[in-house]
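Taking it in order: structure first as structure tokens, then the write-up.
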Amino acid sequence: MRHAVMEKGRVTKTVELPDALSDTLRLPSGADQLYCRIIQDTAGRFYLITPRALVPCDSTDGTKPGTPVPLDLKGHEPEYSGIALAAPRGGTPLADAVDCVFPADKGKKVVYIRVTLKQAD
């Protein structure tokens, strides 16, 4: 999986995400599909939200993922489309939490979670 950084509508950098993140990017069903979303907190720090974890990035541009922090999904497992942002962030102020949704129980449920981004300094 590759990650691109865009500024003013242009790709300025592209990197391959490390193989060490493969398990956290993979859907719990074991499918070969990899998913993640990238988000920023109010301090401008980047995080990857994967089907299994929140991954803080160790760089100002989000291209160096750090150590994954497992998500508590209360026993639910994201399915075919992974975790999606519940509301578009484009044009909205940065926040220290993000609302997410994902399909579960063979598509019979849509699960809502709120993920706290900013960790205590």
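Chain labels run A, B, ... following the order of the structure tokens; each chain numbers its residues from 1, and ligands are numbered from 1 in the order shown.
Neighbouring residues of Ser59 in chain A at 8 Å or closer, counting only C-alpha atoms and skipping chain neighbours under 3 positions away, are Arg45, Phe46, Gly62, Thr63, Lys64 and Pro65 of chain A.
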Quiz item: If you run DSSP on this backbone, which residues of chain A come out as strand (DSSP E or B), and could you give them as a PyMOL selection string?
Solution: chain A and resi 2-7+10-16+26+34+37-40+46-49+53-57+65+69-70+84-85+97-104+109-116
Written selection (C-alpha atoms) as a PDB file, in the first residue's frame:
```pdb
ATOM      1  CA  ARG A   2       1.299   3.423  -0.916  1.00  0.00           C
ATOM      2  CA  HIS A   3       0.691   6.735   0.783  1.00  0.00           C
ATOM      3  CA  ALA A   4       0.740  10.068  -1.057  1.00  0.00           C
ATOM      4  CA  VAL A   5       1.093  13.556   0.372  1.00  0.00           C
ATOM      5  CA  MET A   6      -0.673  16.299  -1.550  1.00  0.00           C
ATOM      6  CA  GLU A   7      -0.237  20.031  -1.255  1.00  0.00           C
ATOM      7  CA  ARG A  10      -0.397  18.175  -6.308  1.00  0.00           C
ATOM      8  CA  VAL A  11       1.369  15.046  -5.080  1.00  0.00           C
ATOM      9  CA  THR A  12       4.565  16.181  -3.351  1.00  0.00           C
ATOM     10  CA  LYS A  13       5.698  12.849  -1.906  1.00  0.00           C
ATOM     11  CA  THR A  14       4.752   9.198  -2.151  1.00  0.00           C
ATOM     12  CA  VAL A  15       5.975   6.397   0.102  1.00  0.00           C
ATOM     13  CA  GLU A  16       5.255   2.710   0.572  1.00  0.00           C
ATOM     14  CA  ARG A  26      -5.885  -5.942   6.720  1.00  0.00           C
ATOM     15  CA  LEU A  34      -5.893  -3.401   2.893  1.00  0.00           C
ATOM     16  CA  ARG A  37      -7.675   6.560   6.293  1.00  0.00           C
ATOM     17  CA  ILE A  38      -5.438   9.463   7.258  1.00  0.00           C
ATOM     18  CA  ILE A  39      -6.505  12.280   9.573  1.00  0.00           C
ATOM     19  CA  GLN A  40      -4.937  15.185  11.489  1.00  0.00           C
ATOM     20  CA  PHE A  46      -1.161  12.803  11.313  1.00  0.00           C
ATOM     21  CA  TYR A  47      -2.743   9.446  12.171  1.00  0.00           C
ATOM     22  CA  LEU A  48      -3.722   6.422  10.109  1.00  0.00           C
ATOM     23  CA  ILE A  49      -7.030   4.814  11.045  1.00  0.00           C
ATOM     24  CA  ALA A  53      -5.674   0.299  15.076  1.00  0.00           C
ATOM     25  CA  LEU A  54      -4.922   3.997  15.279  1.00  0.00           C
ATOM     26  CA  VAL A  55      -1.387   4.590  14.022  1.00  0.00           C
ATOM     27  CA  PRO A  56       0.212   7.904  15.027  1.00  0.00           C
ATOM     28  CA  CYS A  57       2.758   9.154  12.501  1.00  0.00           C
ATOM     29  CA  PRO A  65       3.870   5.597  10.680  1.00  0.00           C
ATOM     30  CA  VAL A  69      -2.578   1.488  19.109  1.00  0.00           C
ATOM     31  CA  PRO A  70      -5.347  -1.144  18.933  1.00  0.00           C
ATOM     32  CA  ALA A  84     -14.814   5.187   6.942  1.00  0.00           C
ATOM     33  CA  LEU A  85     -15.053   8.718   8.263  1.00  0.00           C
ATOM     34  CA  ALA A  97     -11.528  13.138  17.731  1.00  0.00           C
ATOM     35  CA  VAL A  98     -13.028  11.696  14.575  1.00  0.00           C
ATOM     36  CA  ASP A  99     -16.388   9.989  14.056  1.00  0.00           C
ATOM     37  CA  CYS A 100     -16.181   6.758  12.059  1.00  0.00           C
ATOM     38  CA  VAL A 101     -18.512   4.044  10.781  1.00  0.00           C
ATOM     39  CA  PHE A 102     -18.020   0.548   9.432  1.00  0.00           C
ATOM     40  CA  PRO A 103     -20.165  -2.364   8.266  1.00  0.00           C
ATOM     41  CA  ALA A 104     -20.328  -5.445  10.524  1.00  0.00           C
ATOM     42  CA  LYS A 109     -25.076  -3.544  11.029  1.00  0.00           C
ATOM     43  CA  VAL A 110     -23.400  -0.189  10.666  1.00  0.00           C
ATOM     44  CA  VAL A 111     -21.233   0.458  13.717  1.00  0.00           C
ATOM     45  CA  TYR A 112     -20.365   3.981  14.872  1.00  0.00           C
ATOM     46  CA  ILE A 113     -17.205   4.747  16.839  1.00  0.00           C
ATOM     47  CA  ARG A 114     -15.533   7.945  17.984  1.00  0.00           C
ATOM     48  CA  VAL A 115     -11.731   7.749  17.868  1.00  0.00           C
ATOM     49  CA  THR A 116      -9.718  10.076  20.088  1.00  0.00           C
TER      50      THR A 116
END
```
Self-check item: Counting only C-alpha atoms, the option among A:Asp96, A:Asp105, A:Asp61, A:Asp23 closest to Tyr35 in chain A
Solution: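 Of A:Asp96, A:Asp105, A:Asp61, A:Asp23, the one nearest Tyr35 in chain A is A:Asp23, counting only C-alpha atoms.
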Quiz item: From the set A:Arg52, A:Pro18, A:Asp58, A:Ala86, which residue has the shortest atom-to-atom contact distance to Leu73 in chain A, counting only C-alpha atoms?
Solution: A:Arg52
Exercise. Please run DSSP on the backbone and report, as a PyMOL selection string, all residues within chain A that come out as helix (DSSP H, G or I).
Key: chain A and resi 19-25
Take the residues from that selection and put them in a file with N, CA and C atoms, as a CSV table (one decimal), in the first residue's frame.
```csv
chain,number,residue,atom,x,y,z
A,19,ASP,N,5.9,-3.0,5.6
A,19,ASP,CA,5.2,-4.3,5.7
A,19,ASP,C,4.8,-4.7,7.1
A,20,ALA,N,5.4,-4.1,8.1
A,20,ALA,CA,5.1,-4.3,9.5
A,20,ALA,C,3.7,-3.9,9.8
A,21,LEU,N,3.1,-3.0,9.0
A,21,LEU,CA,1.7,-2.5,9.2
A,21,LEU,C,0.7,-3.4,8.5
A,22,SER,N,1.1,-4.4,7.7
A,22,SER,CA,0.2,-5.2,6.9
A,22,SER,C,-0.9,-5.8,7.7
A,23,ASP,N,-0.6,-6.4,8.9
A,23,ASP,CA,-1.7,-7.0,9.7
A,23,ASP,C,-2.7,-6.0,10.2
A,24,THR,N,-2.3,-4.8,10.6
A,24,THR,CA,-3.2,-3.8,11.1
A,24,THR,C,-4.0,-3.1,9.9
A,25,LEU,N,-3.5,-3.2,8.7
A,25,LEU,CA,-4.2,-2.6,7.6
A,25,LEU,C,-5.2,-3.6,7.0
```
Exercise. Provide the CA of Ser81 in chain A to CA of Pro51 in chain A distance in Å, to one decimal place.
Key: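 About the pair CA of Ser81 in chain A and CA of Pro51 in chain A: they are 9.4 Å apart.
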Practice problem: One decimal, Å: what's the distance from CA of Thr67 in chain A over to CA of Leu27 in chain A, could you say? | Solution: 18.2 Å
Quiz prompt | Interatomic distance, CA of Glu77 in chain A to CA of Leu17 in chain A (Å, one decimal) | solution = 22.6 Å
Quiz item: Out of A:Lys118, A:Lys108, A:His76, A:Lys8, which residue has the shortest atom-to-atom distance to Pro28 in chain A when counting only C-alpha atoms?
Solution: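 The answer is A:His76, which sits nearest to Pro28 in chain A.
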